[in-house]
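These notes are about the structure you will find just below.
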Amino acid sequence: MRAAAILLALAGMVAAASAAAAAAVVSGVAQGANVNNAANNAANNVGVTVGDGKSLAAALQRARADRRIRRITLAAGNYELAAPLVIDERLSGSADAPFVLTAAPHARVVLRGAVHLPALRWRPWRDGIWRAPYAGPPFQRLWLGELPLVRSRYPNADPAQAGYGGAADATSAVRVARWRDPAGAVLHALHGNRWGGLQVPILGKNADGSLAYGAQVGNNRVMPPSERDRYVENVFEELDAPGEWYDDRRQRWLYFKPLDGARPPAQGFRAGVHEALIRIEGRRAPVEHVRIRKLGFRDTEPTFLKAVEPLLRSDWKFYRAGAVTIENAADVRVEDGEFSELGGHAIVVSGRARQVRLTGNHIHAIGGTALAFVGRPQAVRSPLFEYHEHLDLAAVDRVPGPRGDDYPRDSAAVDNLIHDIGQIDRQAAGVQIAMAARITVDHNTIYRVPRAGINIGDGAWGGHRITYNDVFDTVRESGDHGAFNSWGRDRYWDPDRKEMERRVAADPRLPLLDAVEPIVMRRNRFRCDHGWDVDLDDGASNYLIEENLLLAGGLKLREGVARIVRNNIMVNGTFHPHVWFADSGDVFEANVVMAPYQPVEIERWGRSVDRNLFVGGAGLAQAQARGTDAGSVAGDPRFAAPADGDYTVTNAALAARIGFVNFPMHDFGVRPARLKALAAAPAYPLPYTDTDIATDSAAADPAPGAATLEGLLLKPVETLGEQSAAGLATAAGLRVLAVQAGSRGEAAGLRPRDVIVGGGRDAQGAFAPVAGLAALQALLADGHAPELQVMRDQALIVVRWQQPAAPAEDLRR
């Protein structure tokens with residue numbers, strides 16, 4: 001029976017049924033047609049069962065017209081969609097009878113964003129490559145059956161290779177000369193400072209044969225791409241590896257190099273069509289009370305070239321679409337789904353949305369972010385969009401909180417298993433929150449991600465609860481980040497550090513105009529081996545961080561206010577305070593640390609840094625020499641069973657002296673049995689002993705290794721903390737700690753906190769790196785007036801060294 005006829009028959013059945021027996025189930029495939037026991041359904045809760053993409057679209061359309069249809073059940077199978085499914089306000093349910101789109105019991109249902117290509121007439125071409133005429137719609141992804149194929153690229157993809165898998169010569173002049181017309185190609189790269197990833201569209205070639213590039217996308221900190229971690233895709237001349245393909249849009253040929261060298265089959269190829277599969281979006285009014293349950297989502301198109309919207313002053317540019325996209329909605333749940341083989345994001349909650357709950361989903365092997373809660377900038381007071389943008393203080397809106405309601409709030413991501421994401425967009429996170437309020441992130445397991453597992457892009461508007469998550473194997477392909485990362489470059493922020501310090505000193509309430517509610521981080525387990533376990537960066541304010549287990553990188557607090565950090569365990573890690581405001585109000589108490597603190601440019605230590613447990617006595621001595629930790633102690637915490645992940649402190653006497661209270665060690669991550677059985681666990685480090693920890697003289701001496709040159713107190717950049725504080729690409733250069741009045745350094749315009757990274761220019765105009773004090777000394781002694789390249793307030797500037805005038809007696813000679 002045809003689906004349309006079945007749906008028409010439904011209306012007649014409902015009209016004829018009694019109030020207690022008005023529920024029917026209609027199948028889009030003949031063998032599935034049946035009628036439910038009407039006694040189990042209410043008159044206003046009709047169910048429809050469908051079995052293919054066409055009947056599903058028809059059932060949704062019928063449900064818009066007949067408000068009694070409240071459940072659409074999908075029979076087992078793959079659903080190739082002709083267009084993304086739209087659930088708008090006409091499909092709203094009620095609190096008692098929500099609209100439900102769900103899989104049949106025990107059925108595996110997969111919505112797909114790819115469709116089967118028509119039969120292809122393959123012809124041998126050359127070098128083992130075949131081609132077939134193809135004049136259909138363009139696409140970015142191609143499969144043979146379930147096997148994903150590779151769009152032609154250099155260097156060739158190598159699944160066994162660890163790391164980014166790029167090559168320094170990906171866009172070299174020699175290689176580019178081989179390309180006839182690279183228009184439509186894309187340069188993928190890590191950020192030059194390893195702050196995530198980016199893409200640059202290639203528009204063709206310039207008259208001199210060099211590549212013509214479009215604007216960078218994906219990253220809001222525009223800098224040159226990494227010279228090493230880069231690859232190009234969609235270049236015809238790079239079609240040279242088995243499994244690669246190229247779609248020649250101009251000549252209308254599809255090229256393919258088979259894995260086995262044999263003629264490709266005519267049937268079985270699938271091409272990407274859709275970037276989204278379901279859009280839950282109110283058009284004229286909010287859509288409410290919707291449930292999406294137990295569905296699979298696969299094979300969407302990449303969206304990285306559309307990631308052009310900056311998310312305020314975070315490091316992100318973003319595109320507001322996922323396999324499931326939710327906006328202008330309330331009381332929506334996406335439950336127990338599986339998201340895999342996606343080209344872009346999994347679930348995006350955008351703009352006006354409340355009481356959205358994402359639970360029990362398995363999200364893996366996708367190109368972008370798993371879960372994103374991203375508001376609209378029109379809800380923000382005094383918004384700015386790039387790190388170095390400036391707003392005069394008089395122009396800053398002083399009203400706390402949001403300007404409108406166009407943002408996600410009172411929503412949750414709970415019990416989701418997230419791993420192997422960001423496989424195309426390296427600027428990705430397991431959970432991303434920006435311009436949102438009161439988002440609960442609870443009991444998620446997140447690992448194998450290129451940057452943060454959980455990222456909060458700004459202080460607007462706080463109230464989030466980050467609890468019981470298990471986040472590890474993070475920051476795998478980038479740097480200067482954490483398993484948890486946040487920024488607070490909010491309306492008070494200014495790129496001029498001194499100006500920002502003046503603002504906060506004059507009005508300490510400024511950092512809390514956007515961060516109006518505290519963010520609570522409690523009972524999480526974080527591990528980052530390439531940064532910090534918890535990284536509160538660039539102004540992040542108003543946090544309560546307590547009872548967390550940190551397994552590797554410790555905790556960093558950069559400038560910001562009102563952070564309370566207490567009762568955390570930092571296994572083999574420590575506290576990293578960076579460039580605080582004079583009166584931050586920060587508290588660091590009752591924590592277990594296992595290495596000396598690692599401060600960078602801290603002059604005043606907040607409200608309280610005290611009553612902590614140091615494993616090593618040297619760390620405690622260094623802290624007390626700086627005037628902190630008068631009531632802290634040193635000793636062995638005697639962790640219960642570290643090899644099993646149990647770091648319960650059993651040294652009750654030491655714990656009591658600092659007020660430390662143990663917290664549960666085995667309630668991190670996902671709880672549903674089906675997800676728990678699939679989830680990995682972090683490596684549990686064995687604790688260092690006191691003799692294992694190398695003490696850092698920087699903790700006792702504010703300028704270890706420093707020396708004076710021409711009125712400048714200079715220190716080599718040696719640590720990740722110093723690199724991060726200055727916004728450097730690598731731990732290299734000379735930090736300016738002090739400038740003597742009247743000195744040549746002052747005459748050159750150098751300031752404290754500057755970092756000298758280069759000096760002099762070669763024949764091509766490039767600066768030579770300043771490797772250390774001796775290199776700078778030699779440069780200044782050569783009798784010339786060199787230019788110096790300096791990092792100031794995370795921007796590169798050039799200053800000219802001023803040579804002194806000759807003495808009068810020399811002039812006479």
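Here, A, B, ... name the chains of the structure tokens in the order displayed, residue numbers run from 1 inside each chain, and ligands are numbered from 1 in the same displayed order.
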
For this session: Any chance you could list, as JSON, numbers by chain, the residues in stretch 503-747 of chain A that come up strand (DSSP E or B) when DSSP is run on the backbone?
Result: {"A": [517, 519, 520, 521, 522, 525, 526, 532, 533, 534, 535, 536, 543, 544, 545, 546, 549, 550, 555, 556, 557, 563, 564, 565, 566, 569, 570, 575, 576, 577, 578, 587, 588, 589, 592, 593, 600, 608, 609, 610, 613, 614, 633, 634, 639, 640, 641, 646, 647, 648, 649, 707, 708, 709, 712, 713, 714, 715, 716, 734, 735, 736, 737, 738, 739]}

For this session: Please provide the set of residues having any atom within 9 Å of A:Gly727, restricted to only C-alpha atoms, with same-chain residues fewer than 2 positions apart removed, written as JSON, numbers by chain.
Result: {"A": [193, 480, 722, 723, 724, 725, 729, 730, 791, 792, 793, 794, 795]}

For this session: Would you please work out which residue, of A:Leu91, A:Val48, A:Ile418, A:Ala731, is nearest to A:Arg67 when using only C-alpha atoms?
Result: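 Of A:Leu91, A:Val48, A:Ile418, A:Ala731, the one nearest A:Arg67 is A:Leu91, counting only C-alpha atoms.
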
Exercise. Could you pull the residues within 9 Å of A:Arg607, counting only C-alpha atoms, minus those fewer than 5 positions along the same chain, as a PyMOL selection string?
Worked result: chain A and resi 583-588

For this session: Measuring atom to atom with only C-alpha atoms, identify which of A:Ala429, A:Val200, A:Val380, A:Ala365 is nearest to A:Val396.
Result: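 For A:Val396, the nearest of the candidates is A:Val380.
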
For this session: Tell me which protein, DNA and RNA residues are within 8 Å of A:Ala75, counting only C-alpha atoms, leaving out same-chain ones fewer than 6 positions away, and put them as a PyMOL selection string.
Result: chain A and resi 32+49-51+103-104+107-109

Can I get the selected residues back with N, CA and C atoms, as a JSON list (two decimals), in the first residue's frame?
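File written: result20.json
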```json
[["chain", "number", "residue", "atom", "x", "y", "z"],
["A", 32, "GLY", "N", 4.89, -3.91, 7.31],
["A", 32, "GLY", "CA", 4.89, -3.40, 8.67],
["A", 32, "GLY", "C", 3.55, -2.84, 9.09],
["A", 49, "THR", "N", 3.82, 4.40, 12.29],
["A", 49, "THR", "CA", 5.09, 3.72, 12.07],
["A", 49, "THR", "C", 5.46, 3.83, 10.59],
["A", 50, "VAL", "N", 6.71, 4.18, 10.32],
["A", 50, "VAL", "CA", 7.18, 4.35, 8.95],
["A", 50, "VAL", "C", 8.42, 3.50, 8.73],
["A", 51, "GLY", "N", 8.73, 3.27, 7.46],
["A", 51, "GLY", "CA", 9.84, 2.37, 7.17],
["A", 51, "GLY", "C", 10.82, 2.89, 6.14],
["A", 103, "ALA", "N", 12.77, 5.16, 17.43],
["A", 103, "ALA", "CA", 12.92, 3.85, 16.80],
["A", 103, "ALA", "C", 11.96, 2.86, 17.43],
["A", 104, "ALA", "N", 11.54, 1.89, 16.63],
["A", 104, "ALA", "CA", 10.73, 0.80, 17.16],
["A", 104, "ALA", "C", 11.56, 0.01, 18.18],
["A", 107, "ALA", "N", 14.92, -1.94, 17.38],
["A", 107, "ALA", "CA", 15.23, -1.69, 15.97],
["A", 107, "ALA", "C", 16.42, -0.76, 15.87],
["A", 108, "ARG", "N", 17.29, -1.03, 14.89],
["A", 108, "ARG", "CA", 18.39, -0.13, 14.60],
["A", 108, "ARG", "C", 17.97, 0.77, 13.45],
["A", 109, "VAL", "N", 17.84, 2.05, 13.75],
["A", 109, "VAL", "CA", 17.37, 3.04, 12.79],
["A", 109, "VAL", "C", 18.48, 4.06, 12.57]]
```

For this session: Might you pull out every residue within 10 Å of A:Ala621, with only C-alpha atoms counted and same-chain residues fewer than 2 positions away left off, and present them as a ChimeraX atom specification?
Result: /A:596,614,616-619,623-630,632-634,699-700

Quick one: write out the picked residues with N, CA and C atoms as a PDB file, in the first residue's frame?
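Ended up saving to again01.pdb:
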```pdb
ATOM      1  N   PRO A 596      55.899  22.142  43.266  1.00  0.00           N
ATOM      2  CA  PRO A 596      55.857  23.558  43.621  1.00  0.00           C
ATOM      3  C   PRO A 596      54.937  24.344  42.685  1.00  0.00           C
ATOM      4  N   PHE A 614      51.256  19.947  50.482  1.00  0.00           N
ATOM      5  CA  PHE A 614      52.325  19.723  49.520  1.00  0.00           C
ATOM      6  C   PHE A 614      52.933  18.353  49.770  1.00  0.00           C
ATOM      7  N   GLY A 616      55.888  17.617  48.592  1.00  0.00           N
ATOM      8  CA  GLY A 616      57.296  17.919  48.814  1.00  0.00           C
ATOM      9  C   GLY A 616      57.501  19.121  49.704  1.00  0.00           C
ATOM     10  N   GLY A 617      58.456  19.013  50.619  1.00  0.00           N
ATOM     11  CA  GLY A 617      58.754  20.125  51.509  1.00  0.00           C
ATOM     12  C   GLY A 617      59.326  21.322  50.788  1.00  0.00           C
ATOM     13  N   ALA A 618      60.044  21.109  49.692  1.00  0.00           N
ATOM     14  CA  ALA A 618      60.621  22.230  48.954  1.00  0.00           C
ATOM     15  C   ALA A 618      59.524  23.128  48.387  1.00  0.00           C
ATOM     16  N   GLY A 619      58.463  22.517  47.881  1.00  0.00           N
ATOM     17  CA  GLY A 619      57.365  23.315  47.345  1.00  0.00           C
ATOM     18  C   GLY A 619      56.734  24.178  48.411  1.00  0.00           C
ATOM     19  N   ALA A 623      56.667  28.369  48.594  1.00  0.00           N
ATOM     20  CA  ALA A 623      55.415  29.109  48.722  1.00  0.00           C
ATOM     21  C   ALA A 623      55.473  30.054  49.919  1.00  0.00           C
ATOM     22  N   GLN A 624      55.973  29.552  51.056  1.00  0.00           N
ATOM     23  CA  GLN A 624      56.032  30.388  52.253  1.00  0.00           C
ATOM     24  C   GLN A 624      57.021  31.529  52.089  1.00  0.00           C
ATOM     25  N   ALA A 625      58.066  31.315  51.301  1.00  0.00           N
ATOM     26  CA  ALA A 625      59.025  32.386  51.041  1.00  0.00           C
ATOM     27  C   ALA A 625      58.383  33.525  50.261  1.00  0.00           C
ATOM     28  N   ARG A 626      57.338  33.221  49.507  1.00  0.00           N
ATOM     29  CA  ARG A 626      56.611  34.254  48.766  1.00  0.00           C
ATOM     30  C   ARG A 626      55.523  34.906  49.607  1.00  0.00           C
ATOM     31  N   GLY A 627      55.270  34.388  50.811  1.00  0.00           N
ATOM     32  CA  GLY A 627      54.267  34.983  51.678  1.00  0.00           C
ATOM     33  C   GLY A 627      52.922  34.295  51.652  1.00  0.00           C
ATOM     34  N   THR A 628      52.815  33.119  51.016  1.00  0.00           N
ATOM     35  CA  THR A 628      51.559  32.372  51.022  1.00  0.00           C
ATOM     36  C   THR A 628      51.726  31.113  51.875  1.00  0.00           C
ATOM     37  N   ASP A 629      50.627  30.421  52.117  1.00  0.00           N
ATOM     38  CA  ASP A 629      50.618  29.070  52.684  1.00  0.00           C
ATOM     39  C   ASP A 629      51.223  28.979  54.079  1.00  0.00           C
ATOM     40  N   ALA A 630      50.970  29.988  54.905  1.00  0.00           N
ATOM     41  CA  ALA A 630      51.478  29.931  56.274  1.00  0.00           C
ATOM     42  C   ALA A 630      50.909  28.739  57.026  1.00  0.00           C
ATOM     43  N   SER A 632      49.835  25.867  55.563  1.00  0.00           N
ATOM     44  CA  SER A 632      49.911  24.652  54.754  1.00  0.00           C
ATOM     45  C   SER A 632      50.878  23.655  55.372  1.00  0.00           C
ATOM     46  N   VAL A 633      50.810  22.411  54.901  1.00  0.00           N
ATOM     47  CA  VAL A 633      51.634  21.342  55.458  1.00  0.00           C
ATOM     48  C   VAL A 633      52.278  20.562  54.314  1.00  0.00           C
ATOM     49  N   ALA A 634      53.285  19.792  54.663  1.00  0.00           N
ATOM     50  CA  ALA A 634      53.950  18.910  53.705  1.00  0.00           C
ATOM     51  C   ALA A 634      53.946  17.494  54.262  1.00  0.00           C
ATOM     52  N   ALA A 699      59.932  29.227  41.415  1.00  0.00           N
ATOM     53  CA  ALA A 699      58.946  29.417  42.464  1.00  0.00           C
ATOM     54  C   ALA A 699      59.520  30.204  43.634  1.00  0.00           C
ATOM     55  N   ALA A 700      60.821  30.075  43.903  1.00  0.00           N
ATOM     56  CA  ALA A 700      61.433  30.786  45.006  1.00  0.00           C
ATOM     57  C   ALA A 700      62.037  32.111  44.562  1.00  0.00           C
TER      58      ALA A 700
END
```

Problem set entry | Shell around stretch 339-342 of chain A at 6 Å using only C-alpha atoms, local window under 2 positions removed, as a count of residues only | 11

For this session: Counting only C-alpha atoms, figure out which residue out of A:Arg525, A:Val609, A:Asn568, A:Gly457 gets nearest to A:Gly539.
Result: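 Checking each candidate against A:Gly539, we get A:Gly457 as the closest.
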
Exercise. Residues at most 12 Å from A:Ala114, counting only C-alpha atoms, excluding those fewer than 3 positions away in the same chain, as a PyMOL selection string?
Worked result: chain A and resi 78-84+110-111+117+137-146+148+268-277+297-302+341-343

Exercise. Which is closer to A:Arg448 than all the others in A:Arg527, A:Arg753, A:Arg279, A:Arg409, using only C-alpha atoms?
Worked result: A:Arg527

Problem set entry | Pick from A:Gln740, A:Leu728, A:Gly77, A:Tyr134, whichever lies nearest to A:Met223 using only C-alpha atoms | A:Leu728

List every residue of stretch 550-613 of chain A that has an atom at most 12 Å from any atom of stretch 506-520 of chain A, giving for each one its closest atom pair and the distance in Å to one decimal, counting only C-alpha atoms, sorted by chain and then by ascending residue number, as CSV.
```
residue,atom,partner,partner_atom,distance
A:Glu559,CA,A:Pro511,CA,10.3
A:Gly560,CA,A:Pro511,CA,7.3
A:Val561,CA,A:Pro511,CA,7.0
A:Ala562,CA,A:Pro518,CA,8.8
A:Arg563,CA,A:Pro518,CA,8.9
A:Ile564,CA,A:Val520,CA,9.7
A:Val565,CA,A:Val520,CA,10.3
A:Arg566,CA,A:Val520,CA,11.8
A:Phe581,CA,A:Pro508,CA,9.8
A:Ala582,CA,A:Pro508,CA,10.3
A:Asp583,CA,A:Pro508,CA,8.1
A:Ser584,CA,A:Pro508,CA,8.5
A:Gly585,CA,A:Pro508,CA,9.7
```

Could you save the residues just selected, with all heavy atoms, as a CSV table (one decimal), in the first residue's frame?
```csv
chain,number,residue,atom,x,y,z
A,559,GLU,N,44.4,35.9,34.7
A,559,GLU,CA,43.7,37.0,35.3
A,559,GLU,C,42.2,36.8,35.2
A,559,GLU,O,41.6,36.2,34.3
A,559,GLU,CB,44.1,38.3,34.6
A,559,GLU,CG,43.5,38.4,33.1
A,559,GLU,CD,44.4,37.8,32.1
A,559,GLU,OE1,44.3,36.6,31.9
A,559,GLU,OE2,45.2,38.5,31.5
A,560,GLY,N,41.5,37.3,36.2
A,560,GLY,CA,40.1,37.1,36.4
A,560,GLY,C,39.8,37.4,37.9
A,560,GLY,O,40.7,37.8,38.6
A,561,VAL,N,38.6,37.2,38.3
A,561,VAL,CA,38.2,37.5,39.7
A,561,VAL,C,37.3,36.4,40.2
A,561,VAL,O,36.7,35.7,39.5
A,561,VAL,CB,37.5,38.9,39.8
A,561,VAL,CG1,38.4,40.0,39.2
A,561,VAL,CG2,36.1,38.9,39.1
A,562,ALA,N,37.2,36.4,41.5
A,562,ALA,CA,36.2,35.6,42.2
A,562,ALA,C,36.3,34.1,41.9
A,562,ALA,O,35.3,33.5,41.5
A,562,ALA,CB,34.8,36.1,42.0
A,563,ARG,N,37.5,33.5,41.9
A,563,ARG,CA,37.6,32.1,41.7
A,563,ARG,C,38.0,31.4,43.1
A,563,ARG,O,38.9,31.8,43.7
A,563,ARG,CB,38.8,31.8,40.7
A,563,ARG,CG,38.4,32.0,39.3
A,563,ARG,CD,38.6,33.4,38.8
A,563,ARG,NE,40.0,33.9,39.0
A,563,ARG,CZ,40.9,33.8,38.0
A,563,ARG,NH1,40.7,33.4,36.9
A,563,ARG,NH2,42.1,34.3,38.3
A,564,ILE,N,37.2,30.5,43.4
A,564,ILE,CA,37.4,29.7,44.7
A,564,ILE,C,37.8,28.3,44.3
A,564,ILE,O,37.0,27.6,43.6
A,564,ILE,CB,36.2,29.7,45.6
A,564,ILE,CG1,35.8,31.1,46.0
A,564,ILE,CG2,36.4,28.8,46.8
A,564,ILE,CD1,34.6,31.2,46.8
A,565,VAL,N,39.0,27.9,44.6
A,565,VAL,CA,39.5,26.5,44.3
A,565,VAL,C,39.8,25.9,45.6
A,565,VAL,O,40.8,26.3,46.3
A,565,VAL,CB,40.8,26.6,43.4
A,565,VAL,CG1,41.3,25.3,43.0
A,565,VAL,CG2,40.5,27.4,42.1
A,566,ARG,N,39.1,24.8,45.9
A,566,ARG,CA,39.3,24.2,47.2
A,566,ARG,C,39.0,22.7,47.2
A,566,ARG,O,38.2,22.2,46.4
A,566,ARG,CB,38.5,24.8,48.3
A,566,ARG,CG,37.0,24.6,48.1
A,566,ARG,CD,36.1,25.5,49.0
A,566,ARG,NE,34.7,25.3,48.8
A,566,ARG,CZ,33.8,26.2,49.2
A,566,ARG,NH1,34.1,27.3,49.8
A,566,ARG,NH2,32.5,25.9,49.0
A,581,PHE,N,45.1,40.0,38.4
A,581,PHE,CA,44.8,41.4,38.8
A,581,PHE,C,45.2,41.6,40.2
A,581,PHE,O,45.3,40.6,41.0
A,581,PHE,CB,43.3,41.6,38.6
A,581,PHE,CG,42.8,41.6,37.2
A,581,PHE,CD1,41.6,40.9,36.9
A,581,PHE,CD2,43.4,42.2,36.2
A,581,PHE,CE1,41.1,40.9,35.6
A,581,PHE,CE2,43.0,42.2,34.9
A,581,PHE,CZ,41.8,41.5,34.6
A,582,ALA,N,45.4,42.8,40.6
A,582,ALA,CA,45.9,43.2,41.9
A,582,ALA,C,45.0,42.7,43.0
A,582,ALA,O,45.4,42.2,44.0
A,582,ALA,CB,46.1,44.7,42.0
A,583,ASP,N,43.7,42.8,42.8
A,583,ASP,CA,42.7,42.4,43.8
A,583,ASP,C,41.7,41.4,43.2
A,583,ASP,O,40.5,41.7,43.0
A,583,ASP,CB,42.0,43.6,44.4
A,583,ASP,CG,42.9,44.5,45.2
A,583,ASP,OD1,43.6,44.1,46.1
A,583,ASP,OD2,43.0,45.7,44.8
A,584,SER,N,42.2,40.2,43.0
A,584,SER,CA,41.4,39.2,42.3
A,584,SER,C,40.3,38.6,43.2
A,584,SER,O,39.3,38.2,42.7
A,584,SER,CB,42.3,38.1,41.7
A,584,SER,OG,42.8,37.4,42.8
A,585,GLY,N,40.6,38.6,44.5
A,585,GLY,CA,39.6,37.9,45.4
A,585,GLY,C,39.7,36.4,45.3
A,585,GLY,O,38.8,35.7,45.8
```

For this session: Could you tell me how far atom CA of A:Ala183 lies from atom CA of A:Asp169, in Å and to one decimal?
Result: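 Those two atoms sit 18.6 Å apart.
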
For this session: Using atom CA of A:Glu386 and atom CA of A:Arg426 as the two end points, give the distance in Å to one decimal.
Result: 19.2 Å
